[in-house]
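What follows is the content of input_27.cif, which has mmCIF, C-alpha atoms:
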```cif
data_run
#
loop_
_atom_site.group_PDB
_atom_site.id
_atom_site.type_symbol
_atom_site.label_atom_id
_atom_site.label_comp_id
_atom_site.auth_asym_id
_atom_site.auth_seq_id
_atom_site.Cartn_x
_atom_site.Cartn_y
_atom_site.Cartn_z
ATOM 1 C CA MET K 1 0.000 0.000 0.000
ATOM 2 C CA MET K 2 1.360 3.425 -0.981
ATOM 3 C CA ASN K 3 1.801 6.148 1.580
ATOM 4 C CA TYR K 4 -0.103 8.944 -0.183
ATOM 5 C CA LYS K 5 0.389 11.368 2.693
ATOM 6 C CA ASN K 6 4.166 11.424 2.104
ATOM 7 C CA ILE K 7 3.693 11.754 -1.642
ATOM 8 C CA ILE K 8 1.334 14.711 -1.210
ATOM 9 C CA LEU K 9 3.469 16.432 1.423
ATOM 10 C CA ASN K 10 6.655 16.089 -0.649
ATOM 11 C CA LYS K 11 5.132 17.305 -3.910
ATOM 12 C CA LYS K 12 6.211 20.794 -4.876
ATOM 13 C CA SER K 13 4.103 23.176 -6.935
ATOM 14 C CA LEU K 14 5.204 24.132 -10.409
ATOM 15 C CA SER K 15 5.570 27.770 -9.389
ATOM 16 C CA TYR K 16 7.873 26.701 -6.537
ATOM 17 C CA GLU K 17 10.004 24.721 -8.991
ATOM 18 C CA VAL K 18 10.150 27.709 -11.372
ATOM 19 C CA ALA K 19 11.234 29.959 -8.485
ATOM 20 C CA GLN K 20 14.027 27.510 -7.672
ATOM 21 C CA TYR K 21 15.028 27.453 -11.357
ATOM 22 C CA ILE K 22 15.248 31.264 -11.457
ATOM 23 C CA LYS K 23 17.308 31.324 -8.237
ATOM 24 C CA ASP K 24 19.664 28.716 -9.720
ATOM 25 C CA GLN K 25 19.997 30.772 -12.904
ATOM 26 C CA ILE K 26 20.971 33.814 -10.834
ATOM 27 C CA ILE K 27 23.399 31.877 -8.629
ATOM 28 C CA ASN K 28 25.066 30.209 -11.623
ATOM 29 C CA GLY K 29 25.435 33.525 -13.473
ATOM 30 C CA HIS K 30 23.037 32.729 -16.318
ATOM 31 C CA ILE K 31 20.966 35.711 -15.170
ATOM 32 C CA GLU K 32 23.223 38.594 -14.198
ATOM 33 C CA LEU K 33 22.620 40.393 -10.913
ATOM 34 C CA GLY K 34 20.587 43.530 -11.518
ATOM 35 C CA SER K 35 19.518 42.538 -15.021
ATOM 36 C CA GLN K 36 15.900 42.503 -16.120
ATOM 37 C CA ILE K 37 14.112 39.158 -15.901
ATOM 38 C CA ASN K 38 12.624 38.090 -19.231
ATOM 39 C CA LEU K 39 9.435 36.240 -18.295
ATOM 40 C CA GLN K 40 8.733 35.202 -21.876
ATOM 41 C CA GLU K 41 12.197 33.641 -22.227
ATOM 42 C CA ILE K 42 11.789 31.655 -18.995
ATOM 43 C CA ARG K 43 8.378 30.458 -20.117
ATOM 44 C CA LYS K 44 9.703 29.341 -23.496
ATOM 45 C CA ASN K 45 12.795 27.649 -22.027
ATOM 46 C CA LEU K 46 10.690 25.636 -19.588
ATOM 47 C CA GLU K 47 7.816 25.135 -22.059
ATOM 48 C CA ILE K 48 5.172 26.107 -19.515
ATOM 49 C CA SER K 49 2.324 28.608 -19.336
ATOM 50 C CA ARG K 50 2.605 32.139 -17.987
ATOM 51 C CA THR K 51 0.757 31.506 -14.727
ATOM 52 C CA PRO K 52 3.423 29.464 -12.878
ATOM 53 C CA VAL K 53 6.111 31.896 -14.048
ATOM 54 C CA ARG K 54 4.116 34.862 -12.748
ATOM 55 C CA GLU K 55 3.474 33.070 -9.450
ATOM 56 C CA ALA K 56 7.180 32.256 -9.121
ATOM 57 C CA ILE K 57 8.125 35.870 -9.801
ATOM 58 C CA GLN K 58 5.671 37.090 -7.146
ATOM 59 C CA GLN K 59 7.147 34.585 -4.688
ATOM 60 C CA LEU K 60 10.669 35.821 -5.425
ATOM 61 C CA VAL K 61 9.572 39.449 -4.976
ATOM 62 C CA ALA K 62 8.082 38.518 -1.597
ATOM 63 C CA GLU K 63 11.404 36.874 -0.667
ATOM 64 C CA ASN K 64 13.303 40.024 -1.782
ATOM 65 C CA VAL K 65 15.214 38.041 -4.397
ATOM 66 C CA LEU K 66 13.731 40.180 -7.174
ATOM 67 C CA THR K 67 12.446 43.725 -7.245
ATOM 68 C CA TYR K 68 9.684 45.221 -9.353
ATOM 69 C CA VAL K 69 10.144 48.597 -11.019
ATOM 70 C CA ARG K 70 6.877 50.072 -12.205
ATOM 71 C CA ASN K 71 6.563 50.258 -15.996
ATOM 72 C CA LYS K 72 9.969 48.572 -16.334
ATOM 73 C CA GLY K 73 9.691 44.991 -15.072
ATOM 74 C CA TYR K 74 11.402 42.639 -12.647
ATOM 75 C CA PHE K 75 15.092 42.869 -11.794
#
```

How does this structure look as structure tokens?
Amino acid sequence: MMNYKNIILNKKSLSYEVAQYIKDQIINGHIELGSQINLQEIRKNLEISRTPVREAIQQLVAENVLTYVRNKGYF
């Protein structure tokens, strides 16, 4: 019998995984510090819809990893 509780508790959301991907890209130098984040490029690279990317970006803003500049974008 499978332990579904462990499976459910260990499952990460797609937006969480995208946030981790963006952090890794910054840490590894693929996204330069202070540069603008291209949401469309991330979406295309990961072949996912806009929603999880937007959710990930909002999560990273809340964590102070990224900043939002009005009418400019995310940095």

Evaluate the PyMOL selection byres ((chain K and resi 12-20) around 10) here and jot the selected residues down as a VMD selection string. chain K and resid 7 to 11 21 to 26 42 to 43 46 48 51 to 60 65

**Message:** Under the PyMOL selection byres ((chain K and resi 34) around 10), which residues of this model are included? Write them out as an NGL selection string.
**Reply:** :K and (26 or 31-33 or 35-37 or 66-67 or 74-75)

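We find CA of Arg70 (chain K) and CA of His30 (chain K) to be spaced 24.1 Å apart.
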
As JSON, please: the centre and edge lengths in Å, to one decimal, of an axis-aligned box enclosing every listed atom of region 37-49 of chain K with 6 Å added on each side.
```
{"center_x": 8.2, "center_y": 32.1, "center_z": -19.7, "size_x": 23.8, "size_y": 26.0, "size_z": 19.6}
```

Expressed in Å, the length from CA of Asn38 (chain K) to CA of Arg50 (chain K) is 11.7 Å

Where atoms are missing, can you supply N, CA, C and O atoms for region 14-34 of chain K and output the lot as a PDB file, in the frame of the given file?
```pdb
ATOM      1  N   LEU K  14       4.431  23.737  -9.243  1.00  0.00           N
ATOM      2  CA  LEU K  14       5.204  24.132 -10.409  1.00  0.00           C
ATOM      3  C   LEU K  14       5.794  25.521 -10.213  1.00  0.00           C
ATOM      4  O   LEU K  14       6.950  25.761 -10.565  1.00  0.00           O
ATOM      5  N   SER K  15       5.036  26.418  -9.611  1.00  0.00           N
ATOM      6  CA  SER K  15       5.570  27.770  -9.389  1.00  0.00           C
ATOM      7  C   SER K  15       6.763  27.741  -8.432  1.00  0.00           C
ATOM      8  O   SER K  15       7.719  28.499  -8.607  1.00  0.00           O
ATOM      9  N   TYR K  16       6.732  26.854  -7.447  1.00  0.00           N
ATOM     10  CA  TYR K  16       7.873  26.701  -6.537  1.00  0.00           C
ATOM     11  C   TYR K  16       9.095  26.224  -7.318  1.00  0.00           C
ATOM     12  O   TYR K  16      10.198  26.737  -7.133  1.00  0.00           O
ATOM     13  N   GLU K  17       8.903  25.252  -8.190  1.00  0.00           N
ATOM     14  CA  GLU K  17      10.004  24.721  -8.991  1.00  0.00           C
ATOM     15  C   GLU K  17      10.567  25.796  -9.923  1.00  0.00           C
ATOM     16  O   GLU K  17      11.780  25.888 -10.118  1.00  0.00           O
ATOM     17  N   VAL K  18       9.699  26.620 -10.493  1.00  0.00           N
ATOM     18  CA  VAL K  18      10.150  27.709 -11.372  1.00  0.00           C
ATOM     19  C   VAL K  18      10.947  28.727 -10.564  1.00  0.00           C
ATOM     20  O   VAL K  18      11.985  29.214 -11.018  1.00  0.00           O
ATOM     21  N   ALA K  19      10.496  29.028  -9.350  1.00  0.00           N
ATOM     22  CA  ALA K  19      11.234  29.959  -8.485  1.00  0.00           C
ATOM     23  C   ALA K  19      12.630  29.418  -8.188  1.00  0.00           C
ATOM     24  O   ALA K  19      13.615  30.169  -8.226  1.00  0.00           O
ATOM     25  N   GLN K  20      12.722  28.131  -7.921  1.00  0.00           N
ATOM     26  CA  GLN K  20      14.027  27.510  -7.672  1.00  0.00           C
ATOM     27  C   GLN K  20      14.903  27.577  -8.925  1.00  0.00           C
ATOM     28  O   GLN K  20      16.098  27.836  -8.838  1.00  0.00           O
ATOM     29  N   TYR K  21      14.301  27.365 -10.086  1.00  0.00           N
ATOM     30  CA  TYR K  21      15.028  27.453 -11.357  1.00  0.00           C
ATOM     31  C   TYR K  21      15.602  28.864 -11.547  1.00  0.00           C
ATOM     32  O   TYR K  21      16.775  29.017 -11.906  1.00  0.00           O
ATOM     33  N   ILE K  22      14.786  29.884 -11.289  1.00  0.00           N
ATOM     34  CA  ILE K  22      15.248  31.264 -11.457  1.00  0.00           C
ATOM     35  C   ILE K  22      16.371  31.569 -10.470  1.00  0.00           C
ATOM     36  O   ILE K  22      17.384  32.173 -10.842  1.00  0.00           O
ATOM     37  N   LYS K  23      16.235  31.129  -9.229  1.00  0.00           N
ATOM     38  CA  LYS K  23      17.308  31.324  -8.237  1.00  0.00           C
ATOM     39  C   LYS K  23      18.596  30.653  -8.707  1.00  0.00           C
ATOM     40  O   LYS K  23      19.683  31.241  -8.607  1.00  0.00           O
ATOM     41  N   ASP K  24      18.484  29.428  -9.216  1.00  0.00           N
ATOM     42  CA  ASP K  24      19.664  28.716  -9.720  1.00  0.00           C
ATOM     43  C   ASP K  24      20.300  29.459 -10.882  1.00  0.00           C
ATOM     44  O   ASP K  24      21.526  29.526 -10.994  1.00  0.00           O
ATOM     45  N   GLN K  25      19.471  30.026 -11.766  1.00  0.00           N
ATOM     46  CA  GLN K  25      19.997  30.772 -12.904  1.00  0.00           C
ATOM     47  C   GLN K  25      20.769  32.006 -12.435  1.00  0.00           C
ATOM     48  O   GLN K  25      21.792  32.355 -13.004  1.00  0.00           O
ATOM     49  N   ILE K  26      20.279  32.643 -11.382  1.00  0.00           N
ATOM     50  CA  ILE K  26      20.971  33.814 -10.834  1.00  0.00           C
ATOM     51  C   ILE K  26      22.275  33.389 -10.161  1.00  0.00           C
ATOM     52  O   ILE K  26      23.332  33.981 -10.398  1.00  0.00           O
ATOM     53  N   ILE K  27      22.212  32.346  -9.349  1.00  0.00           N
ATOM     54  CA  ILE K  27      23.399  31.877  -8.629  1.00  0.00           C
ATOM     55  C   ILE K  27      24.487  31.422  -9.591  1.00  0.00           C
ATOM     56  O   ILE K  27      25.672  31.700  -9.385  1.00  0.00           O
ATOM     57  N   ASN K  28      24.102  30.733 -10.663  1.00  0.00           N
ATOM     58  CA  ASN K  28      25.066  30.209 -11.623  1.00  0.00           C
ATOM     59  C   ASN K  28      25.510  31.236 -12.657  1.00  0.00           C
ATOM     60  O   ASN K  28      26.300  30.918 -13.538  1.00  0.00           O
ATOM     61  N   GLY K  29      24.994  32.464 -12.574  1.00  0.00           N
ATOM     62  CA  GLY K  29      25.435  33.525 -13.473  1.00  0.00           C
ATOM     63  C   GLY K  29      24.770  33.540 -14.829  1.00  0.00           C
ATOM     64  O   GLY K  29      25.160  34.322 -15.691  1.00  0.00           O
ATOM     65  N   HIS K  30      23.748  32.717 -15.037  1.00  0.00           N
ATOM     66  CA  HIS K  30      23.037  32.729 -16.318  1.00  0.00           C
ATOM     67  C   HIS K  30      22.114  33.942 -16.414  1.00  0.00           C
ATOM     68  O   HIS K  30      21.806  34.398 -17.512  1.00  0.00           O
ATOM     69  N   ILE K  31      21.676  34.439 -15.263  1.00  0.00           N
ATOM     70  CA  ILE K  31      20.966  35.711 -15.170  1.00  0.00           C
ATOM     71  C   ILE K  31      21.846  36.609 -14.320  1.00  0.00           C
ATOM     72  O   ILE K  31      22.128  36.303 -13.170  1.00  0.00           O
ATOM     73  N   GLU K  32      22.307  37.707 -14.909  1.00  0.00           N
ATOM     74  CA  GLU K  32      23.223  38.594 -14.198  1.00  0.00           C
ATOM     75  C   GLU K  32      22.494  39.372 -13.113  1.00  0.00           C
ATOM     76  O   GLU K  32      21.330  39.745 -13.274  1.00  0.00           O
ATOM     77  N   LEU K  33      23.194  39.604 -12.003  1.00  0.00           N
ATOM     78  CA  LEU K  33      22.620  40.393 -10.913  1.00  0.00           C
ATOM     79  C   LEU K  33      22.250  41.776 -11.430  1.00  0.00           C
ATOM     80  O   LEU K  33      23.030  42.426 -12.129  1.00  0.00           O
ATOM     81  N   GLY K  34      21.046  42.211 -11.112  1.00  0.00           N
ATOM     82  CA  GLY K  34      20.587  43.530 -11.518  1.00  0.00           C
ATOM     83  C   GLY K  34      19.998  43.596 -12.906  1.00  0.00           C
ATOM     84  O   GLY K  34      19.471  44.637 -13.292  1.00  0.00           O
TER      85      GLY K  34
END
```
